[in-house]
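Colleague: Next up, coords11.txt (compact mmCIF, C-alpha atoms and all ligand atoms).
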# COMPACT_ATOMS: atom_id res chain seq x y z
CA MET A 1 -26.21 -20.41 1.66
CA ASN A 2 -27.95 -17.40 0.20
CA PRO A 3 -25.43 -15.69 -2.13
CA ARG A 4 -27.27 -12.40 -1.70
CA GLU A 5 -26.18 -12.37 1.90
CA ASN A 6 -22.58 -13.55 1.51
CA PRO A 7 -20.80 -11.13 3.85
CA PHE A 8 -17.23 -11.61 2.57
CA SER A 9 -15.65 -9.14 0.19
CA PRO A 10 -12.63 -10.49 -1.67
CA GLY A 11 -11.15 -7.82 -3.91
CA ALA A 12 -8.70 -4.95 -4.15
CA GLY A 13 -9.39 -2.15 -1.72
CA THR A 14 -12.86 -3.53 -0.94
CA PRO A 15 -13.60 -2.97 2.75
CA PRO A 16 -13.82 -6.23 4.67
CA PRO A 17 -16.89 -6.95 6.82
CA GLU A 18 -14.53 -7.02 9.80
CA LEU A 19 -11.28 -5.05 9.74
CA ALA A 20 -9.54 -7.46 12.07
CA GLY A 21 -6.23 -7.09 13.87
CA ARG A 22 -5.37 -3.50 12.94
CA GLU A 23 -6.38 -1.74 16.17
CA GLN A 24 -2.83 -1.00 17.30
CA ILE A 25 -1.68 0.64 14.11
CA MET A 26 -4.87 2.68 13.92
CA GLU A 27 -4.24 3.95 17.43
CA ASP A 28 -0.56 4.67 16.71
CA VAL A 29 -1.41 6.68 13.60
CA SER A 30 -4.15 8.56 15.42
CA ILE A 31 -1.67 9.57 18.15
CA ALA A 32 0.99 10.63 15.62
CA LEU A 33 -1.46 12.76 13.63
CA HIS A 34 -2.85 14.36 16.75
CA ARG A 35 0.67 15.31 17.85
CA ILE A 36 1.66 16.64 14.42
CA ARG A 37 -1.47 18.79 14.40
CA LYS A 38 -0.48 20.28 17.75
CA GLY A 39 3.06 21.05 16.56
CA LEU A 40 4.52 18.27 18.74
CA SER A 41 7.03 15.77 17.43
CA GLY A 42 5.35 12.91 15.57
CA LYS A 43 6.47 10.66 12.76
CA SER A 44 4.79 10.22 9.43
CA VAL A 45 3.89 6.62 8.68
CA LEU A 46 4.82 4.37 5.78
CA MET A 47 2.97 1.06 5.95
CA VAL A 48 4.62 -1.76 4.10
CA GLY A 49 3.36 -5.20 3.23
CA LEU A 50 2.86 -7.80 0.56
CA ARG A 51 0.05 -7.83 -1.99
CA GLY A 52 -3.41 -8.36 -0.54
CA VAL A 53 -2.60 -7.81 3.14
CA GLY A 54 -5.00 -4.89 3.45
CA LYS A 55 -2.83 -1.78 3.00
CA THR A 56 -5.37 0.04 0.84
CA VAL A 57 -8.38 -0.66 3.05
CA LEU A 58 -6.37 0.41 6.07
CA LEU A 59 -5.28 3.61 4.34
CA ASN A 60 -8.93 4.38 3.52
CA ARG A 61 -9.92 3.69 7.10
CA LEU A 62 -7.15 5.93 8.48
CA LYS A 63 -8.31 8.68 6.15
CA ASN A 64 -11.91 8.42 7.36
CA ASP A 65 -10.80 8.42 10.98
CA ALA A 66 -8.52 11.45 10.46
CA GLU A 67 -11.28 13.36 8.69
CA ALA A 68 -13.61 12.61 11.55
CA GLU A 69 -11.03 14.30 13.79
CA GLY A 70 -11.19 17.41 11.62
CA LEU A 71 -7.93 16.87 9.73
CA ILE A 72 -7.70 17.77 6.05
CA CYS A 73 -6.92 14.62 4.08
CA VAL A 74 -6.00 14.15 0.46
CA GLN A 75 -5.36 10.76 -1.05
CA PHE A 76 -4.06 9.34 -4.30
CA GLU A 77 -2.47 6.23 -5.69
CA ALA A 78 0.90 6.39 -7.44
CA PRO A 79 0.59 4.38 -10.64
CA GLU A 80 3.70 2.93 -12.27
CA GLY A 81 5.45 5.51 -14.44
CA ARG A 82 3.63 8.73 -13.43
CA ASN A 83 5.55 11.59 -11.98
CA LEU A 84 4.91 12.91 -8.48
CA PRO A 85 4.36 16.63 -9.26
CA ALA A 86 1.52 15.76 -11.66
CA MET A 87 -0.09 13.48 -9.07
CA ILE A 88 0.33 15.59 -5.98
CA THR A 89 -0.70 18.96 -7.40
CA PRO A 90 -4.45 18.29 -7.80
CA SER A 91 -4.46 16.75 -4.31
CA LEU A 92 -2.79 19.77 -2.76
CA ARG A 93 -5.21 22.05 -4.55
CA ALA A 94 -8.07 19.98 -3.13
CA ALA A 95 -6.49 20.35 0.32
CA LEU A 96 -6.44 24.12 -0.04
CA LEU A 97 -10.07 24.17 -1.17
CA LYS A 98 -11.03 22.08 1.87
CA LEU A 99 -9.00 24.38 4.08
CA ASP A 100 -10.85 27.33 2.66
CA ARG A 101 -14.05 25.90 4.12
CA VAL A 102 -12.59 25.77 7.63
CA VAL A 103 -13.50 28.90 9.62
CA GLY A 104 -10.65 31.18 10.68
CA VAL A 105 -8.24 33.72 9.26
CA GLY A 106 -6.96 32.89 5.81
CA ASP A 107 -3.91 35.05 5.11
CA ALA A 108 -1.50 32.13 4.98
CA LEU A 109 -4.06 30.26 2.88
CA SER A 110 -4.19 33.01 0.26
CA ARG A 111 -0.41 32.91 0.03
CA ALA A 112 -0.36 29.07 -0.18
CA VAL A 113 -2.76 29.19 -3.13
CA LYS A 114 -0.40 31.50 -4.99
CA VAL A 115 2.65 29.43 -4.09
CA LEU A 116 0.83 26.43 -5.55
CA GLY A 117 0.19 28.55 -8.68
CA SER A 118 3.92 29.27 -8.97
CA PHE A 119 4.77 25.62 -8.39
CA ILE A 120 2.41 24.51 -11.16
CA LYS A 121 3.66 27.11 -13.61
CA THR A 122 7.26 26.03 -13.10
CA ALA A 123 6.61 22.28 -12.96
CA LYS A 124 4.57 22.42 -16.19
CA ILE A 125 7.74 23.03 -18.13
CA LYS A 126 9.53 20.03 -16.66
CA TYR A 127 6.93 17.34 -16.01
CA GLU A 128 4.44 15.57 -18.20
CA GLY A 129 0.79 15.43 -17.23
CA MET A 130 0.75 18.85 -15.53
CA GLU A 131 -2.31 20.04 -17.44
CA PHE A 132 -4.40 22.33 -15.28
CA GLY A 133 -7.13 24.59 -16.54
CA PHE A 134 -7.27 26.79 -13.47
CA ASP A 135 -5.37 29.95 -12.69
CA LEU A 136 -4.36 30.37 -9.07
CA GLY A 137 -2.22 33.48 -9.50
CA ILE A 138 1.47 33.27 -8.61
CA GLU A 139 3.75 34.24 -5.76
CA GLN A 140 6.86 35.73 -7.37
CA GLY A 141 10.04 34.01 -6.21
CA ALA A 142 8.33 31.14 -4.35
CA ALA A 143 8.42 27.48 -5.43
CA ASP A 144 9.54 28.53 -8.92
CA SER A 145 13.23 27.60 -8.98
CA GLY A 146 12.69 24.47 -11.08
CA ASP A 147 14.42 22.34 -8.44
CA LEU A 148 11.83 19.89 -7.14
CA ASP A 149 13.42 19.44 -3.70
CA TYR A 150 13.41 23.14 -3.12
CA ASP A 151 10.06 23.98 -4.69
CA LEU A 152 8.10 21.19 -3.04
CA THR A 153 9.61 22.17 0.30
CA GLU A 154 8.44 25.74 -0.13
CA LEU A 155 5.03 24.60 -1.26
CA LEU A 156 4.42 22.16 1.61
CA GLN A 157 5.62 24.72 4.11
CA ALA A 158 3.23 27.33 2.73
CA ILE A 159 0.41 24.80 2.92
CA GLY A 160 1.49 23.78 6.44
CA LYS A 161 1.31 27.40 7.56
CA ALA A 162 -2.17 27.69 6.09
CA ALA A 163 -3.24 24.55 7.99
CA LYS A 164 -1.68 25.81 11.19
CA GLU A 165 -3.51 29.10 10.87
CA LYS A 166 -6.76 27.10 10.83
CA SER A 167 -5.69 24.83 13.72
CA THR A 168 -5.77 21.69 11.65
CA ALA A 169 -3.29 19.48 9.78
CA ILE A 170 -2.83 18.31 6.22
CA VAL A 171 -2.55 14.56 5.84
CA ILE A 172 -1.32 13.32 2.47
CA LEU A 173 -2.20 9.66 1.93
CA ILE A 174 -0.37 7.93 -0.92
CA ASP A 175 -0.92 4.32 -1.94
CA GLU A 176 1.58 2.24 -3.97
CA LEU A 177 4.33 4.64 -2.95
CA GLN A 178 7.02 2.19 -4.12
CA TYR A 179 6.26 3.32 -7.67
CA VAL A 180 7.35 6.94 -7.06
CA PRO A 181 10.81 7.40 -8.61
CA GLU A 182 13.58 7.81 -6.04
CA ASN A 183 14.54 11.42 -6.89
CA GLN A 184 10.92 12.54 -6.57
CA LEU A 185 10.50 10.55 -3.36
CA ALA A 186 13.60 12.38 -2.09
CA ALA A 187 11.95 15.73 -2.80
CA LEU A 188 8.83 14.69 -0.90
CA ILE A 189 10.91 13.52 2.06
CA SER A 190 12.90 16.80 2.11
CA ALA A 191 9.68 18.77 2.10
CA LEU A 192 8.22 16.75 4.98
CA HIS A 193 11.47 17.06 6.86
CA ALA A 194 11.35 20.85 6.57
CA CYS A 195 7.75 20.86 7.80
CA ALA A 196 8.69 18.68 10.78
CA GLN A 197 11.62 20.94 11.64
CA ASN A 198 9.37 23.97 11.57
CA GLN A 199 6.61 22.21 13.49
CA LEU A 200 4.21 22.66 10.62
CA PRO A 201 1.25 20.29 10.61
CA VAL A 202 1.82 18.27 7.45
CA ALA A 203 1.97 14.47 7.60
CA LEU A 204 2.37 11.66 5.12
CA VAL A 205 0.61 8.34 5.54
CA GLY A 206 1.86 6.09 2.78
CA ALA A 207 1.52 2.46 1.83
CA GLY A 208 3.55 0.26 -0.43
CA LEU A 209 5.32 -3.00 -1.05
CA PRO A 210 8.24 -3.89 1.23
CA GLN A 211 10.80 -2.45 -1.20
CA LEU A 212 9.52 0.98 -0.18
CA VAL A 213 11.72 0.87 2.92
CA GLY A 214 14.86 0.56 0.80
CA ASN A 215 13.67 3.16 -1.72
CA VAL A 216 13.07 5.69 1.03
CA GLY A 217 16.42 4.96 2.71
CA ARG A 218 18.30 5.40 -0.55
CA ALA A 219 16.38 8.58 -1.36
CA LYS A 220 17.32 10.24 1.94
CA SER A 221 19.53 8.64 4.55
CA TYR A 222 17.78 10.40 7.44
CA ALA A 223 14.39 9.09 6.33
CA GLU A 224 14.33 6.28 8.87
CA ARG A 225 14.22 8.89 11.63
CA LEU A 226 11.40 10.78 9.95
CA PHE A 227 9.06 7.82 9.43
CA ASN A 228 7.69 4.80 11.18
CA PHE A 229 7.42 1.73 8.98
CA PRO A 230 4.74 -0.50 10.43
CA VAL A 231 4.63 -3.87 8.69
CA ILE A 232 1.15 -4.87 7.60
CA GLY A 233 1.13 -8.62 7.41
CA ALA A 234 -0.86 -11.80 7.78
CA LEU A 235 -3.27 -11.73 10.69
CA PRO A 236 -2.42 -13.68 13.84
CA ILE A 237 -4.73 -16.62 14.61
CA GLU A 238 -7.17 -14.78 16.87
CA ALA A 239 -7.62 -11.87 14.45
CA ALA A 240 -7.90 -14.21 11.45
CA THR A 241 -10.54 -16.22 13.31
CA GLU A 242 -12.46 -13.03 14.02
CA ALA A 243 -12.21 -11.95 10.39
CA LEU A 244 -14.01 -15.19 9.46
CA ALA A 245 -16.35 -15.85 12.37
CA ARG A 246 -17.74 -12.40 13.12
CA PRO A 247 -19.26 -11.60 9.72
CA VAL A 248 -21.12 -14.95 9.56
CA LYS A 249 -22.21 -14.71 13.18
CA GLU A 250 -24.22 -11.65 12.25
CA HIS A 251 -26.31 -13.97 10.09
CA GLY A 252 -26.61 -16.53 12.88
CA VAL A 253 -24.03 -18.79 11.16
CA ASP A 254 -20.99 -20.54 12.71
CA PHE A 255 -17.90 -22.36 11.49
CA THR A 256 -17.03 -25.70 13.10
CA PRO A 257 -13.52 -25.66 14.64
CA GLU A 258 -12.33 -28.09 11.92
CA ALA A 259 -13.63 -25.84 9.16
CA LEU A 260 -11.93 -22.83 10.71
CA ALA A 261 -8.68 -24.77 11.10
CA GLU A 262 -8.71 -25.73 7.41
CA VAL A 263 -9.21 -22.11 6.30
CA LEU A 264 -6.55 -20.79 8.66
CA LYS A 265 -4.08 -23.42 7.47
CA GLN A 266 -4.68 -22.71 3.79
CA THR A 267 -4.76 -18.92 3.98
CA GLN A 268 -2.01 -18.55 6.58
CA GLY A 269 -4.00 -15.59 7.84
CA TYR A 270 -3.49 -13.44 4.72
CA PRO A 271 -6.45 -11.03 4.59
CA TYR A 272 -7.28 -11.30 0.91
CA PHE A 273 -7.21 -15.10 1.07
CA LEU A 274 -9.40 -15.06 4.17
CA GLN A 275 -12.02 -13.15 2.20
CA GLU A 276 -11.77 -15.58 -0.75
CA TRP A 277 -12.01 -18.67 1.44
CA GLY A 278 -14.75 -17.18 3.59
CA SER A 279 -16.76 -16.31 0.51
CA HIS A 280 -16.39 -19.82 -0.97
CA CYS A 281 -17.22 -21.45 2.37
CA TRP A 282 -20.43 -19.45 2.52
CA ALA A 283 -21.27 -20.30 -1.09
CA VAL A 284 -20.83 -24.08 -0.74
CA ALA A 285 -22.31 -24.60 2.76
CA LYS A 286 -25.93 -25.73 2.78
CA GLU A 287 -26.55 -24.67 6.37
CA SER A 288 -24.91 -23.60 9.62
CA PRO A 289 -22.44 -24.60 10.88
CA ILE A 290 -20.01 -24.41 7.95
CA ASN A 291 -18.24 -27.77 8.32
CA GLN A 292 -14.96 -29.37 7.33
CA ASP A 293 -16.30 -30.79 4.05
CA ASP A 294 -17.49 -27.33 3.08
CA SER A 295 -14.11 -25.82 3.83
CA ILE A 296 -12.23 -28.50 1.87
CA LEU A 297 -14.44 -27.88 -1.14
CA ALA A 298 -13.91 -24.14 -0.64
CA THR A 299 -10.14 -24.71 -0.76
CA ALA A 300 -10.37 -26.40 -4.15
CA LEU A 301 -12.58 -23.65 -5.54
CA ALA A 302 -10.54 -20.81 -4.06
CA ILE A 303 -7.25 -22.14 -5.42
CA THR A 304 -8.71 -22.65 -8.89
CA GLN A 305 -10.04 -19.15 -8.89
CA LEU A 306 -6.87 -17.52 -7.51
CA ASP A 307 -4.77 -19.36 -10.10
CA ALA A 308 -6.98 -17.92 -12.83
CA SER A 309 -6.99 -14.37 -11.48
CA PHE A 310 -4.93 -13.05 -8.55
CA PHE A 311 -1.80 -15.07 -9.31
CA ARG A 312 -2.32 -15.22 -13.04
CA VAL A 313 -2.43 -11.45 -13.67
CA ARG A 314 0.94 -11.13 -12.02
CA PHE A 315 2.44 -14.12 -13.78
CA ASP A 316 1.27 -12.75 -17.15
CA ARG A 317 3.20 -9.52 -16.65
CA CYS A 318 6.50 -11.41 -16.70
CA THR A 319 8.71 -12.37 -19.62
CA PRO A 320 9.58 -16.06 -20.08
CA MET A 321 13.02 -15.50 -18.46
CA GLU A 322 11.45 -13.69 -15.53
CA LYS A 323 9.05 -16.60 -15.07
CA ASN A 324 12.03 -18.96 -14.99
CA TYR A 325 13.61 -16.82 -12.29
CA LEU A 326 10.43 -16.92 -10.20
CA ARG A 327 10.19 -20.67 -10.70
CA ALA A 328 13.78 -21.10 -9.57
CA MET A 329 13.01 -19.09 -6.42
CA ALA A 330 10.05 -21.38 -5.69
CA GLU A 331 12.34 -24.40 -5.95
CA ILE A 332 14.35 -23.28 -2.93
CA ASP A 333 12.93 -24.25 0.41
CA SER A 334 13.24 -20.82 2.01
CA ALA A 335 11.02 -17.75 2.25
CA THR A 336 14.02 -15.62 1.31
CA PRO A 337 16.19 -17.55 -1.16
CA ARG A 338 19.74 -16.29 -1.73
CA SER A 339 20.68 -14.91 -5.14
CA GLY A 340 23.45 -17.49 -5.37
CA ASP A 341 21.06 -20.38 -4.78
CA ILE A 342 18.61 -19.08 -7.38
CA ALA A 343 21.44 -18.72 -9.87
CA ALA A 344 22.53 -22.30 -9.11
CA VAL A 345 19.03 -23.64 -9.87
CA MET A 346 19.09 -21.72 -13.16
CA LYS A 347 22.67 -22.83 -13.86
CA LYS A 348 23.71 -19.22 -14.45
CA GLY A 349 25.89 -16.63 -12.74
CA VAL A 350 24.57 -14.21 -10.10
CA VAL A 351 25.93 -11.19 -11.98
CA GLN A 352 24.41 -12.38 -15.24
CA LEU A 353 21.00 -12.64 -13.54
CA GLY A 354 21.29 -9.19 -11.92
CA PRO A 355 19.27 -7.29 -14.58
CA LEU A 356 16.52 -9.93 -14.52
CA ARG A 357 16.23 -9.67 -10.76
CA GLN A 358 16.17 -5.87 -10.98
CA SER A 359 13.43 -5.90 -13.55
CA LEU A 360 11.30 -8.19 -11.32
CA ILE A 361 11.87 -5.79 -8.42
CA SER A 362 10.79 -2.80 -10.58
CA LYS A 363 7.64 -4.67 -11.58
CA GLY A 364 6.87 -5.21 -7.91
CA MET A 365 7.00 -9.02 -8.23
CA ILE A 366 9.86 -9.57 -5.78
CA TYR A 367 11.85 -7.56 -3.26
CA SER A 368 15.07 -7.84 -1.38
CA PRO A 369 14.48 -8.12 2.38
CA ALA A 370 18.25 -8.13 3.00
CA HIS A 371 21.32 -7.89 0.80
CA GLY A 372 21.43 -10.92 -1.49
CA ASP A 373 18.07 -12.27 -0.30
CA THR A 374 14.97 -12.28 -2.47
CA ALA A 375 11.31 -12.79 -1.59
CA PHE A 376 7.97 -12.76 -3.38
CA THR A 377 5.70 -9.73 -2.90
CA VAL A 378 2.67 -11.97 -3.35
CA PRO A 379 1.86 -14.36 -0.51
CA LEU A 380 1.81 -18.10 -1.37
CA PHE A 381 3.28 -17.34 -4.80
CA ALA A 382 5.88 -20.09 -4.59
CA ASP A 383 3.17 -22.75 -4.48
CA TYR A 384 1.46 -21.15 -7.46
CA MET A 385 4.69 -21.18 -9.46
CA LYS A 386 5.09 -24.88 -8.73
CA ARG A 387 1.52 -25.64 -9.80
CA THR A 388 1.95 -23.66 -13.02
CA LEU A 389 5.46 -24.71 -14.05
CA PRO A 390 5.99 -28.16 -12.55
CA GLU A 391 9.76 -28.14 -13.27
CA PRO A 392 12.36 -25.34 -13.09
CA GLN A 393 13.66 -24.45 -16.58
N1 LIG A 401 -7.84 -6.55 8.51
C1 LIG A 401 -8.52 -7.26 7.61
N2 LIG A 401 -9.34 -8.25 7.98
C2 LIG A 401 -10.03 -8.94 7.06
N3 LIG A 401 -9.95 -8.73 5.73
C3 LIG A 401 -9.16 -7.77 5.29
C4 LIG A 401 -8.40 -6.97 6.21
N4 LIG A 401 -7.68 -6.09 5.51
C5 LIG A 401 -7.98 -6.31 4.21
N5 LIG A 401 -8.86 -7.30 4.07
C6 LIG A 401 -9.36 -7.81 2.77
O1 LIG A 401 -8.22 -8.19 2.01
C7 LIG A 401 -8.37 -7.85 0.64
C8 LIG A 401 -7.17 -7.03 0.17
O2 LIG A 401 -7.16 -5.74 0.77
P1 LIG A 401 -6.36 -4.52 0.10
O3 LIG A 401 -6.75 -4.37 -1.32
O4 LIG A 401 -6.50 -3.37 1.00
O5 LIG A 401 -4.87 -5.09 0.17
P2 LIG A 401 -3.53 -4.38 -0.32
O6 LIG A 401 -2.49 -4.68 0.69
O7 LIG A 401 -3.80 -2.96 -0.65
O8 LIG A 401 -3.19 -5.19 -1.63
P3 LIG A 401 -2.32 -4.69 -2.92
O9 LIG A 401 -0.89 -4.63 -2.48
O10 LIG A 401 -2.54 -5.74 -3.95
O11 LIG A 401 -2.86 -3.34 -3.33
C9 LIG A 401 -9.72 -7.16 0.51
O12 LIG A 401 -10.64 -8.12 0.03
C10 LIG A 401 -10.06 -6.75 1.93
O13 LIG A 401 -11.46 -6.77 2.14
MG MG A 402 -3.61 -1.85 -2.35
Produce structure tokens that represent the structure in this file.
Ligand SMILES: Nc1ncnc2c1ncn2[C@@H]1O[C@H](COP(=O)(O)OP(=O)(O)OP(=O)(O)O)[C@@H](O)[C@H]1O
Ligand SMILES: [Mg+2]
Modeller:
Amino acid sequence: MNPRENPFSPGAGTPPPELAGREQIMEDVSIALHRIRKGLSGKSVLMVGLRGVGKTVLLNRLKNDAEAEGLICVQFEAPEGRNLPAMITPSLRAALLKLDRVVGVGDALSRAVKVLGSFIKTAKIKYEGMEFGFDLGIEQGAADSGDLDYDLTELLQAIGKAAKEKSTAIVILIDELQYVPENQLAALISALHACAQNQLPVALVGAGLPQLVGNVGRAKSYAERLFNFPVIGALPIEAATEALARPVKEHGVDFTPEALAEVLKQTQGYPYFLQEWGSHCWAVAKESPINQDDSILATALAITQLDASFFRVRFDRCTPMEKNYLRAMAEIDSATPRSGDIAAVMKKGVVQLGPLRQSLISKGMIYSPAHGDTAFTVPLFADYMKRTLPEPQ
């Protein structure tokens, strides 16, 4: 059908035509942020899920919704290897500028700007990438100890007071949070904890791969009481059906039940795959309804394309030994193979393979859902590994 009208949007962070199945989490976050703004108890949110489940689009949506409620939102993505102070500082400055535009007294705001100035001046000495051309003044003795836990706590509290003074809240949205080093994550958690204890309206809405839960727990043991960790996963059948059927319906197009069944079976409800399959179905179908033959052809095309892109870019980031490890995992008929079983496939010892496993975790390829268990962070990756390397090495 007409490619100009193809409603599906496979990609990274590209908003889907229908954001299906996320109503509950959107409502939960809205309630939490409302409560935090009012100085009531409410937990910050760390959304965790595999690659391509829709964390980024959800984060963007939550940001838009929160802004519509009058909250001050700042958002950034944590790339691998950057340090938190350098990433968070421009965002917090942006938050203060936005706050400046909100009517109301601004005494606490003026102080927060100077505390940020002190924070930057001190952090510049310790952290790379803290290049700022602006001069905010400084607040002597505030956020300038050089200890990140302490300084970030003072800074977020000053900003929280400024937000409170203007009857709003600061929402910090961070994507790919699993890449923030544990000691810096600990400082962020301490700072949020202090804000929560003092009923200051500062909230974190983060997203990351499943290993984020462990990272946060190791960074601060009380973190599980400070955050909710909603799991963003594959869509259940009804939501997955909606994600496919609604966008085409707007063009007067339907799927036959057999075509839908084929797409649901192949994608297992994973959002990114739904977009890929939907897009291919639309492209190959000559007319409505999209039928079973169309969907089977779409499967062949989608898999070929995913193998050359989505799966391939991840595969290419691995060393030959790491690829062997991933292939060994795929050999085991379990979603969470045990380290011992993987080692047995590779005919090596568990301890010997420890560094390899750790390096795959750092790269975000795998994670450990429970002690000694390992799982892929990319859905349907095991099948890809088997297609690419027919035999374990
Ligand atoms: N609820 C949904 N319903 C339908 N499609 C969705 C939904 N959420 C996301 N998508 C689609 O899934 C794809 C992946 O979304 P997104 O990039 O947000 O995932 P992600 O979890 O951030 O992935 P990654 O971990 O790789 O960053 C996009 O094409 C998006 O349009
Ligand atoms: Mg993302």
Colleague: Measuring between all atoms listed in the file, which one of A:Lys220, A:Lys323, A:Lys126, A:Lys55 shows the shortest distance to ligand LIG 401 (chain A)?
Modeller: A:Lys55
Colleague: Restricting the calculation to all atoms listed in the file: of A:Gly104, A:Gly54, A:Gly21, A:Gly208, which residue gets closest to Pro79 (chain A)?
Modeller: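 Answer, going by the shortest atom-to-atom distance: A:Gly208.
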Colleague: Residues of chain A that have any atom at most 10 Å from an atom of ligand MG 402 (chain A): could you tabulate them with the shortest-distance atom pair and the distance in Å to one decimal, using only C-alpha atoms and all ligand atoms, ordered by chain and increasing number, as a Markdown table?
Modeller:
| residue | atom | partner | partner_atom | distance |
| --- | --- | --- | --- | --- |
| A:Gly11 | CA | A:MG402 | MG | 9.7 |
| A:Ala12 | CA | A:MG402 | MG | 6.2 |
| A:Gly13 | CA | A:MG402 | MG | 5.8 |
| A:Thr14 | CA | A:MG402 | MG | 9.5 |
| A:Gly49 | CA | A:MG402 | MG | 9.5 |
| A:Leu50 | CA | A:MG402 | MG | 9.3 |
| A:Arg51 | CA | A:MG402 | MG | 7.0 |
| A:Gly52 | CA | A:MG402 | MG | 6.8 |
| A:Val53 | CA | A:MG402 | MG | 8.2 |
| A:Gly54 | CA | A:MG402 | MG | 6.7 |
| A:Lys55 | CA | A:MG402 | MG | 5.4 |
| A:Thr56 | CA | A:MG402 | MG | 4.1 |
| A:Val57 | CA | A:MG402 | MG | 7.3 |
| A:Leu58 | CA | A:MG402 | MG | 9.1 |
| A:Leu59 | CA | A:MG402 | MG | 8.8 |
| A:Glu77 | CA | A:MG402 | MG | 8.8 |
| A:Asp175 | CA | A:MG402 | MG | 6.7 |
| A:Glu176 | CA | A:MG402 | MG | 6.8 |
| A:Ala207 | CA | A:MG402 | MG | 7.9 |
| A:Gly208 | CA | A:MG402 | MG | 7.7 |
| A:Leu209 | CA | A:MG402 | MG | 9.1 |
Colleague: Could you name the residues that touch region 29-37 of chain A at 9 Å or less, counting all atoms listed in the file, but leaving out those on the same chain fewer than 6 positions away, as number ranges by chain?
Modeller: A: 43-45, 62, 65-66, 69, 71, 163-164, 167-171, 196, 199-203, 205
Colleague: Have a look at CA of Phe381 (chain A) and CA of Tyr272 (chain A) and let me know their distance in Å, one decimal.
Modeller: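 Separation between CA of Phe381 (chain A) and CA of Tyr272 (chain A): 13.4 Å.
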Colleague: Excluding Gln140 (chain A) and residues on its chain fewer than 4 positions from it, collect all residues at most 12 Å away from it, counting all atoms listed in the file, and give them as a list in words.
Modeller: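 Those residues are Arg111, Lys114, Val115, Leu116, Gly117, Ser118, Phe119, Lys121, Thr122, Asp144 and Ser145 of chain A.
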Colleague: Got a sec: who's within 10 Å of region 344-353 of chain A, counting all atoms listed in the file, leaving out chain neighbours fewer than 6 positions off, as a list in words?
Modeller: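 Here the qualifying residues turn out to be Met321, Glu322, Asn324, Tyr325, Arg327, Ala328, Met329, Glu331, Ile332, Arg338, Gly372, Pro392 and Gln393 of chain A.
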Colleague: Take the residues from that selection and write them out as a PDB file, in the frame of the given file, keeping C-alpha atoms.
Modeller:
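For reference, again39.pdb as written:
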ATOM      1  CA  MET A 321      13.020 -15.500 -18.460  1.00  0.00           C
ATOM      2  CA  GLU A 322      11.450 -13.690 -15.530  1.00  0.00           C
ATOM      3  CA  ASN A 324      12.030 -18.960 -14.990  1.00  0.00           C
ATOM      4  CA  TYR A 325      13.610 -16.820 -12.290  1.00  0.00           C
ATOM      5  CA  ARG A 327      10.190 -20.670 -10.700  1.00  0.00           C
ATOM      6  CA  ALA A 328      13.780 -21.100  -9.570  1.00  0.00           C
ATOM      7  CA  MET A 329      13.010 -19.090  -6.420  1.00  0.00           C
ATOM      8  CA  GLU A 331      12.340 -24.400  -5.950  1.00  0.00           C
ATOM      9  CA  ILE A 332      14.350 -23.280  -2.930  1.00  0.00           C
ATOM     10  CA  ARG A 338      19.740 -16.290  -1.730  1.00  0.00           C
ATOM     11  CA  GLY A 372      21.430 -10.920  -1.490  1.00  0.00           C
ATOM     12  CA  PRO A 392      12.360 -25.340 -13.090  1.00  0.00           C
ATOM     13  CA  GLN A 393      13.660 -24.450 -16.580  1.00  0.00           C
TER      14      GLN A 393
END
Colleague: N, CA and C atoms are needed for region 12-20 of chain A; please write them out as an mmCIF file, in the coordinates of the input.
Modeller:
data_model
loop_
_atom_site.group_PDB
_atom_site.id
_atom_site.type_symbol
_atom_site.label_atom_id
_atom_site.label_comp_id
_atom_site.auth_asym_id
_atom_site.auth_seq_id
_atom_site.Cartn_x
_atom_site.Cartn_y
_atom_site.Cartn_z
ATOM 1 N N ALA A 12 -9.802 -5.883 -4.371
ATOM 2 C CA ALA A 12 -8.700 -4.950 -4.150
ATOM 3 C C ALA A 12 -9.280 -3.681 -3.569
ATOM 4 N N GLY A 13 -8.899 -3.367 -2.352
ATOM 5 C CA GLY A 13 -9.390 -2.150 -1.720
ATOM 6 C C GLY A 13 -10.851 -2.227 -1.287
ATOM 7 N N THR A 14 -11.465 -3.408 -1.372
ATOM 8 C CA THR A 14 -12.860 -3.530 -0.940
ATOM 9 C C THR A 14 -12.900 -3.725 0.572
ATOM 10 N N PRO A 15 -13.640 -2.882 1.283
ATOM 11 C CA PRO A 15 -13.600 -2.970 2.750
ATOM 12 C C PRO A 15 -14.117 -4.321 3.242
ATOM 13 N N PRO A 16 -13.385 -4.935 4.154
ATOM 14 C CA PRO A 16 -13.820 -6.230 4.670
ATOM 15 C C PRO A 16 -14.993 -6.033 5.641
ATOM 16 N N PRO A 17 -15.792 -7.085 5.849
ATOM 17 C CA PRO A 17 -16.890 -6.950 6.820
ATOM 18 C C PRO A 17 -16.359 -6.710 8.221
ATOM 19 N N GLU A 18 -15.146 -7.208 8.480
ATOM 20 C CA GLU A 18 -14.530 -7.020 9.800
ATOM 21 C C GLU A 18 -13.068 -6.669 9.559
ATOM 22 N N LEU A 19 -12.679 -5.450 9.912
ATOM 23 C CA LEU A 19 -11.280 -5.050 9.740
ATOM 24 C C LEU A 19 -10.517 -5.549 10.971
ATOM 25 N N ALA A 20 -10.083 -6.801 10.883
ATOM 26 C CA ALA A 20 -9.540 -7.460 12.070
ATOM 27 C C ALA A 20 -8.060 -7.157 12.267
#
